[in-house]
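With mmCIF, C-alpha atoms (C1' of nucleotides) inside, this is data05.cif:
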```cif
data_work
#
loop_
_atom_site.label_atom_id
_atom_site.label_comp_id
_atom_site.auth_asym_id
_atom_site.auth_seq_id
_atom_site.Cartn_x
_atom_site.Cartn_y
_atom_site.Cartn_z
CA MET A 1 -17.11 18.32 1.07
CA SER A 2 -15.60 16.92 4.13
CA LYS A 3 -12.86 14.93 2.61
CA GLN A 4 -9.89 15.86 0.58
CA LYS A 5 -10.90 14.70 -2.83
CA LEU A 6 -8.55 17.11 -4.44
CA PRO A 7 -7.63 16.16 -7.96
CA LEU A 8 -4.30 15.58 -6.34
CA LEU A 9 -1.28 17.52 -7.23
CA ASP A 10 -2.28 21.00 -8.00
CA ALA A 11 0.83 21.87 -9.85
CA THR A 12 0.45 25.00 -7.85
CA SER A 13 0.96 23.12 -4.65
CA THR A 14 4.65 22.60 -4.77
CA VAL A 15 6.19 20.63 -7.48
CA GLU A 16 6.35 23.19 -10.14
CA CYS A 17 7.71 22.30 -13.49
CA CYS A 18 11.00 20.78 -12.55
CA SER A 19 11.53 20.22 -8.90
CA PRO A 20 12.42 16.60 -8.58
CA LEU A 21 12.27 14.97 -5.23
CA MET A 22 15.96 14.98 -5.21
CA HIS A 23 16.91 18.60 -4.93
CA GLU A 24 15.42 19.62 -1.65
CA PRO A 25 13.73 17.79 1.18
CA LEU A 26 10.09 17.22 0.37
CA ALA A 27 7.75 18.92 2.82
CA ALA A 28 5.38 16.77 4.84
CA VAL A 29 2.22 18.08 3.21
CA GLN A 30 3.36 17.48 -0.33
CA ALA A 31 4.70 14.11 0.64
CA VAL A 32 1.19 13.10 1.60
CA GLU A 33 -0.23 14.25 -1.72
CA LEU A 34 2.46 12.62 -3.76
CA ALA A 35 2.32 9.42 -1.77
CA ARG A 36 -1.35 9.11 -2.59
CA VAL A 37 -0.51 8.97 -6.27
CA PHE A 38 2.31 6.49 -5.94
CA LYS A 39 0.27 4.37 -3.60
CA ALA A 40 -2.43 4.18 -6.23
CA MET A 41 0.17 2.94 -8.65
CA GLY A 42 1.60 0.57 -6.10
CA ASP A 43 -0.62 -2.33 -7.04
CA PRO A 44 -0.06 -4.66 -9.98
CA VAL A 45 -3.69 -4.71 -10.99
CA ARG A 46 -3.98 -0.95 -10.95
CA LEU A 47 -0.78 -0.51 -12.89
CA ARG A 48 -2.06 -2.86 -15.54
CA LEU A 49 -5.40 -1.09 -15.60
CA LEU A 50 -3.61 2.17 -16.13
CA SER A 51 -1.54 0.68 -18.87
CA LEU A 52 -4.50 -0.99 -20.52
CA ILE A 53 -6.52 2.18 -20.55
CA ALA A 54 -3.68 4.29 -21.87
CA SER A 55 -2.66 1.88 -24.58
CA HIS A 56 -6.19 1.08 -25.65
CA GLU A 57 -7.46 2.32 -28.95
CA GLY A 58 -8.47 5.93 -28.73
CA GLY A 59 -6.81 6.30 -25.36
CA GLU A 60 -9.89 5.07 -23.60
CA ALA A 61 -11.48 1.81 -22.55
CA CYS A 62 -14.76 0.74 -21.03
CA VAL A 63 -14.85 -1.36 -17.89
CA CYS A 64 -15.92 -4.37 -19.91
CA ASP A 65 -12.72 -4.19 -21.95
CA LEU A 66 -10.73 -4.14 -18.73
CA SER A 67 -12.62 -6.76 -16.80
CA GLU A 68 -12.08 -9.52 -19.28
CA VAL A 69 -8.32 -9.20 -18.96
CA PHE A 70 -8.25 -10.07 -15.27
CA ASP A 71 -9.29 -13.02 -13.26
CA LEU A 72 -11.13 -10.79 -10.85
CA THR A 73 -14.75 -10.01 -10.16
CA GLY A 74 -16.47 -6.87 -11.36
CA PRO A 75 -16.62 -5.21 -7.97
CA THR A 76 -12.90 -5.66 -7.52
CA ILE A 77 -12.10 -4.01 -10.82
CA SER A 78 -14.53 -1.28 -9.96
CA HIS A 79 -12.78 -0.76 -6.66
CA HIS A 80 -9.38 -0.40 -8.28
CA LEU A 81 -10.74 2.01 -10.83
CA LYS A 82 -12.11 4.08 -7.99
CA VAL A 83 -8.72 4.24 -6.32
CA LEU A 84 -7.13 5.38 -9.56
CA ARG A 85 -9.91 7.89 -10.07
CA GLU A 86 -9.54 9.34 -6.59
CA ALA A 87 -5.82 9.65 -7.09
CA GLY A 88 -6.55 11.73 -10.16
CA LEU A 89 -4.89 9.28 -12.49
CA ILE A 90 -7.93 8.44 -14.59
CA ALA A 91 -11.34 9.89 -15.32
CA GLY A 92 -14.50 8.12 -16.39
CA GLU A 93 -17.34 9.24 -18.60
CA ARG A 94 -20.63 7.49 -19.14
CA ARG A 95 -21.65 7.14 -22.77
CA GLY A 96 -24.81 5.18 -23.22
CA THR A 97 -24.58 1.87 -21.47
CA TRP A 98 -20.84 1.92 -20.99
CA ILE A 99 -18.47 3.94 -18.90
CA TYR A 100 -15.23 4.88 -20.59
CA TYR A 101 -12.08 5.62 -18.68
CA ARG A 102 -9.09 7.56 -19.90
CA VAL A 103 -5.78 8.46 -18.32
CA GLN A 104 -5.23 11.93 -16.90
CA THR A 105 -1.90 12.57 -18.48
CA GLU A 106 -1.18 15.69 -16.47
CA ALA A 107 -1.10 13.72 -13.26
CA LEU A 108 1.12 11.13 -14.82
CA ASP A 109 3.48 13.70 -16.24
CA LEU A 110 3.73 15.35 -12.90
CA ALA A 111 4.57 12.12 -11.15
CA SER A 112 7.18 11.39 -13.75
CA GLN A 113 8.74 14.80 -13.40
CA VAL A 114 8.91 14.55 -9.66
CA LEU A 115 10.89 11.40 -10.09
CA ALA A 116 13.13 13.39 -12.34
CA PRO A 117 14.96 11.56 -15.09
CA GLY A 118 18.24 11.73 -13.34
CA ALA A 119 17.49 14.98 -11.64
CA ALA A 120 20.64 15.91 -13.44
CA SER A 121 19.64 15.38 -17.02
CA ALA A 122 16.12 16.59 -16.56
CA VAL A 123 16.49 19.85 -18.40
CA HIS A 124 18.16 18.38 -21.44
CA ALA A 125 15.28 19.33 -23.75
CA MET B 1 18.42 -17.91 -6.73
CA SER B 2 14.90 -17.58 -5.56
CA LYS B 3 13.84 -14.72 -7.74
CA GLN B 4 12.40 -12.93 -4.73
CA LYS B 5 14.87 -10.26 -3.86
CA LEU B 6 15.79 -9.08 -7.30
CA PRO B 7 17.26 -5.63 -7.28
CA LEU B 8 14.00 -4.90 -8.95
CA LEU B 9 13.72 -3.79 -12.46
CA ASP B 10 16.40 -5.43 -14.40
CA ALA B 11 16.22 -3.13 -17.31
CA THR B 12 16.57 -6.39 -19.14
CA SER B 13 13.26 -7.56 -17.79
CA THR B 14 10.94 -5.51 -19.87
CA VAL B 15 11.00 -1.82 -19.70
CA GLU B 16 13.86 -1.13 -21.96
CA CYS B 17 14.96 2.37 -22.52
CA CYS B 18 11.71 3.97 -23.51
CA SER B 19 8.68 1.84 -23.14
CA PRO B 20 6.31 3.87 -21.03
CA LEU B 21 3.37 2.16 -19.45
CA MET B 22 1.25 3.85 -21.96
CA HIS B 23 2.18 2.25 -25.22
CA GLU B 24 1.32 -1.34 -24.70
CA PRO B 25 -0.47 -3.28 -21.99
CA LEU B 26 1.90 -4.05 -19.17
CA ALA B 27 2.37 -7.77 -18.62
CA ALA B 28 1.41 -9.23 -15.29
CA VAL B 29 4.93 -10.14 -14.23
CA GLN B 30 6.39 -6.75 -14.87
CA ALA B 31 3.41 -5.14 -13.24
CA VAL B 32 4.32 -6.92 -10.04
CA GLU B 33 7.89 -5.72 -10.19
CA LEU B 34 6.98 -2.18 -10.99
CA ALA B 35 4.25 -2.09 -8.40
CA ARG B 36 6.77 -2.99 -5.74
CA VAL B 37 8.69 0.17 -6.53
CA PHE B 38 5.69 2.44 -6.59
CA LYS B 39 4.32 0.88 -3.48
CA ALA B 40 7.57 1.65 -1.71
CA MET B 41 7.12 5.25 -2.76
CA GLY B 42 3.49 5.22 -1.75
CA ASP B 43 4.09 6.33 1.79
CA PRO B 44 4.69 9.92 2.89
CA VAL B 45 7.46 9.00 5.29
CA ARG B 46 9.32 6.94 2.73
CA LEU B 47 8.94 9.61 0.11
CA ARG B 48 10.45 12.14 2.47
CA LEU B 49 13.22 9.75 3.42
CA LEU B 50 14.05 9.33 -0.23
CA SER B 51 14.02 13.05 -0.75
CA LEU B 52 16.08 13.71 2.37
CA ILE B 53 18.72 11.21 1.39
CA ALA B 54 18.95 12.42 -2.18
CA SER B 55 19.10 16.07 -1.30
CA HIS B 56 21.48 15.63 1.60
CA GLU B 57 25.02 16.83 1.29
CA GLY B 58 27.09 14.37 -0.67
CA GLY B 59 24.02 12.52 -1.80
CA GLU B 60 24.04 10.40 1.30
CA ALA B 61 22.75 10.52 4.85
CA CYS B 62 23.12 8.42 7.95
CA VAL B 63 20.11 7.14 9.82
CA CYS B 64 20.71 9.63 12.59
CA ASP B 65 20.33 12.50 10.14
CA LEU B 66 17.04 11.07 9.02
CA SER B 67 15.62 10.09 12.37
CA GLU B 68 15.77 13.56 13.83
CA VAL B 69 13.53 14.90 11.10
CA PHE B 70 10.59 12.68 11.98
CA ASP B 71 8.48 12.21 15.02
CA LEU B 72 8.90 8.46 14.79
CA THR B 73 10.86 5.88 16.71
CA GLY B 74 14.07 4.36 15.45
CA PRO B 75 12.57 1.00 14.58
CA THR B 76 9.95 2.65 12.45
CA ILE B 77 12.50 4.60 10.44
CA SER B 78 14.53 1.45 10.14
CA HIS B 79 11.52 -0.39 8.81
CA HIS B 80 10.85 2.21 6.14
CA LEU B 81 14.46 2.21 5.08
CA LYS B 82 14.26 -1.52 4.70
CA VAL B 83 11.26 -1.24 2.43
CA LEU B 84 13.06 1.29 0.27
CA ARG B 85 16.16 -0.89 0.26
CA GLU B 86 14.25 -3.98 -0.80
CA ALA B 87 12.59 -2.03 -3.57
CA GLY B 88 16.04 -1.18 -4.84
CA LEU B 89 15.53 2.53 -4.33
CA ILE B 90 18.33 3.06 -1.83
CA ALA B 91 21.45 1.27 -0.67
CA GLY B 92 23.18 1.46 2.67
CA GLU B 93 26.84 1.22 3.56
CA ARG B 94 28.28 0.92 7.01
CA ARG B 95 31.14 3.27 7.72
CA GLY B 96 32.36 3.07 11.26
CA THR B 97 29.52 3.46 13.68
CA TRP B 98 27.11 4.89 11.18
CA ILE B 99 25.25 3.52 8.21
CA TYR B 100 24.98 5.80 5.23
CA TYR B 101 22.20 5.53 2.71
CA ARG B 102 22.20 6.83 -0.82
CA VAL B 103 19.64 6.79 -3.58
CA GLN B 104 19.93 4.27 -6.39
CA THR B 105 19.38 6.64 -9.23
CA GLU B 106 19.04 3.95 -11.85
CA ALA B 107 15.92 2.61 -10.21
CA LEU B 108 14.51 6.08 -9.92
CA ASP B 109 15.28 6.91 -13.51
CA LEU B 110 13.63 3.74 -14.64
CA ALA B 111 10.50 4.47 -12.67
CA SER B 112 10.41 7.94 -14.11
CA GLN B 113 10.82 6.67 -17.63
CA VAL B 114 8.08 4.13 -17.26
CA LEU B 115 5.77 6.93 -16.29
CA ALA B 116 6.89 8.56 -19.47
CA PRO B 117 6.85 12.30 -19.67
CA GLY B 118 3.81 12.46 -21.84
CA ALA B 119 4.27 9.08 -23.44
CA ALA B 120 3.53 11.18 -26.45
CA SER B 121 6.59 13.34 -26.34
CA ALA B 122 8.89 10.61 -25.18
CA VAL B 123 9.46 8.93 -28.47
CA HIS B 124 7.32 11.28 -30.46
CA ALA B 125 8.17 9.38 -33.58
"C1'" DC C 1 -43.72 -1.16 -17.46
"C1'" DT C 2 -40.63 -5.30 -17.07
"C1'" DC C 3 -36.41 -7.52 -18.06
"C1'" DC C 4 -31.52 -7.68 -19.13
"C1'" DT C 5 -26.81 -6.03 -19.10
"C1'" DG C 6 -22.94 -3.00 -17.54
"C1'" DG C 7 -21.11 -0.83 -13.31
"C1'" DT C 8 -21.02 0.68 -8.73
"C1'" DT C 9 -21.85 0.30 -3.60
"C1'" DT C 10 -22.07 -2.14 0.67
"C1'" DG C 11 -20.66 -5.58 3.98
"C1'" DA C 12 -17.63 -8.94 5.59
"C1'" DA C 13 -13.31 -11.96 5.81
"C1'" DA C 14 -8.39 -12.63 5.15
"C1'" DT C 15 -4.30 -10.39 4.69
"C1'" DC C 16 -1.00 -6.65 4.84
"C1'" DT C 17 1.02 -2.30 6.89
"C1'" DG C 18 2.73 1.24 10.08
"C1'" DT C 19 4.09 1.83 14.54
"C1'" DC C 20 6.04 1.11 19.03
"C1'" DA C 21 8.44 -1.35 22.99
"C1'" DA C 22 11.84 -4.51 24.06
"C1'" DG C 23 15.67 -7.16 22.86
"C1'" DA C 24 19.74 -8.10 19.73
"C1'" DT C 25 24.18 -6.62 17.06
"C1'" DA C 26 28.09 -4.06 15.50
"C1'" DG C 27 31.68 -1.07 16.14
"C1'" DA C 28 34.13 2.57 19.09
"C1'" DA C 29 35.99 3.84 23.42
"C1'" DG C 30 37.55 2.99 27.99
"C1'" DC D 1 36.47 -7.24 28.55
"C1'" DT D 2 32.93 -3.91 29.58
"C1'" DT D 3 30.26 -0.17 28.28
"C1'" DC D 4 28.21 3.18 25.26
"C1'" DT D 5 26.09 4.52 20.95
"C1'" DA D 6 23.93 3.68 16.44
"C1'" DT D 7 21.05 0.69 14.05
"C1'" DC D 8 18.45 -3.46 13.13
"C1'" DT D 9 15.17 -7.38 14.43
"C1'" DT D 10 11.24 -9.39 16.78
"C1'" DG D 11 6.65 -9.43 18.61
"C1'" DA D 12 2.39 -7.37 19.06
"C1'" DC D 13 -1.60 -4.62 17.73
"C1'" DA D 14 -4.69 -1.16 15.57
"C1'" DG D 15 -5.94 0.26 11.23
"C1'" DA D 16 -5.88 -0.18 6.23
"C1'" DT D 17 -6.19 -3.12 1.79
"C1'" DT D 18 -7.76 -6.62 -1.34
"C1'" DT D 19 -11.24 -9.41 -2.68
"C1'" DC D 20 -15.75 -11.55 -3.17
"C1'" DA D 21 -20.90 -12.03 -2.84
"C1'" DA D 22 -25.12 -9.79 -2.66
"C1'" DA D 23 -27.75 -5.84 -3.36
"C1'" DC D 24 -28.38 -1.65 -5.95
"C1'" DC D 25 -28.63 1.92 -9.93
"C1'" DA D 26 -28.83 3.39 -15.03
"C1'" DG D 27 -29.90 2.68 -19.81
"C1'" DG D 28 -31.55 0.07 -23.66
"C1'" DA D 29 -34.73 -3.55 -25.59
"C1'" DG D 30 -39.06 -5.95 -25.54
#
```
structure tokens encoding of this file:
Amino acid sequence: MSKQKLPLLDATSTVECCSPLMHEPLAAVQAVELARVFKAMGDPVRLRLLSLIASHEGGEACVCDLSEVFDLTGPTISHHLKVLREAGLIAGERRGTWIYYRVQTEALDLASQVLAPGAASAVHA
Amino acid sequence: MSKQKLPLLDATSTVECCSPLMHEPLAAVQAVELARVFKAMGDPVRLRLLSLIASHEGGEACVCDLSEVFDLTGPTISHHLKVLREAGLIAGERRGTWIYYRVQTEALDLASQVLAPGAASAVHA
DNA sequence: CTCCTGGTTTGAAATCTGTCAAGATAGAAG
DNA sequence: CTTCTATCTTGACAGATTTCAAACCAGGAG
């Protein structure tokens, strides 16, 4: 285990429940963690993959479902899925011949909270 | 009007008030727009810049305030600020000798909403 | 076992990014 | 006008990203 393949934000790391970016200067270490997530989302293909998986029936989709949507080769799709996986945004499970991916909602929620809906209206509910 | 330097998400473009990524497959065009925002946030330095600006007194900070925090040269900071600016995440205003940046909260809110706090609890109906 | 299909891994090429040094600009101050 | 300070722009370069083709692995069907 040489590399940092942490699931990403620990929730224990820094950003607790409601500490949007906007209240206090983000520390360098957390910035690196957070940036990894946003970077993973910073590509049109990956964003669409994320969206496709999440909105697919049952909340999951196999690679074959995803591949046919894009004009890209298998390896490329596979690569993007790997990036999303390593950012902790999705998880895959093999079931028979196919591998099904689903979104890790915790990670997504966390990212959303960090961005804080207004940072002022966040607590409203 | 060469649709290149749009302020970014138009709010009229696609993501209305509450259409998180997770309800329907994101169209290619919007994916590109959105990705630009997330990509801008996908760098530790830029994330910290954003956070520093937002949390700074008065909600704004001049470049000099920001530069002293990092171990980077002026041009580099300037470059990152430009990326954030072009993603519509911040805006700068010259006041005398200094240039003050402040966060464009609308863009941030939009990004946060797209990520949808749960996507299940957002509309929940 | 052999073949086929769904996915991933590896390797390589083109492009993009982050960073710095050096030069350019804008406004304030002599 | 000249100079000083704050910030941006340009040019260059190492390192990262995106993408494809070719090779590889895992299960299911003959």
- Message: To test your reading of the syntax: which residues would the PyMOL selection byres ((chain A) within 8 of (chain C)) return for the file shown? Reply as a PyMOL selection string.
- Response: chain A and resi 63-64+74-75+78+97-99
- Do you know which residues the PyMOL selection byres ((chain D) within 9 of (chain A)) returns on this file, as an MDAnalysis selection string? chainID D and resid 18:20 26:28
- Message: Can you tell me which residues surround B:Gly92 at a distance of at most 9 Å, considering all atoms listed in the file, apart from same-chain residues fewer than 5 positions away, and format the answer as a VMD selection string?
- Response: chain B and resid 62 85 99 to 103
- Task: Could you please tell me, as a PyMOL selection string, which residues of chain B have an atom within 8 Å of chain A when using all atoms listed in the file?
- Result: chain B and resi 21-28+31-32+34-45+47-48+50-52+54-56+105-106+108-113+115-118
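Between atom CA of A:Leu84 and atom CA of B:Ile90 there is a distance of 26.7 Å.
For the pair atom CA of A:Gly88 and atom CA of A:Gln104, the interatomic distance is 6.9 Å.
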Where is the centre and how long are the edges: axis-aligned box on stretch 52-67 of chain B, 6 Å on each side, Å to one decimal, as lines of an AutoDock Vina configuration file:
```
center_x = 21.4
center_y = 12.0
center_z = 5.2
size_x = 23.5
size_y = 21.7
size_z = 26.8
```
- Distance atom CA of B:Glu93-atom C1' of D:DT9, one decimal place?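 Here the two named atoms are 18.1 Å from each other.
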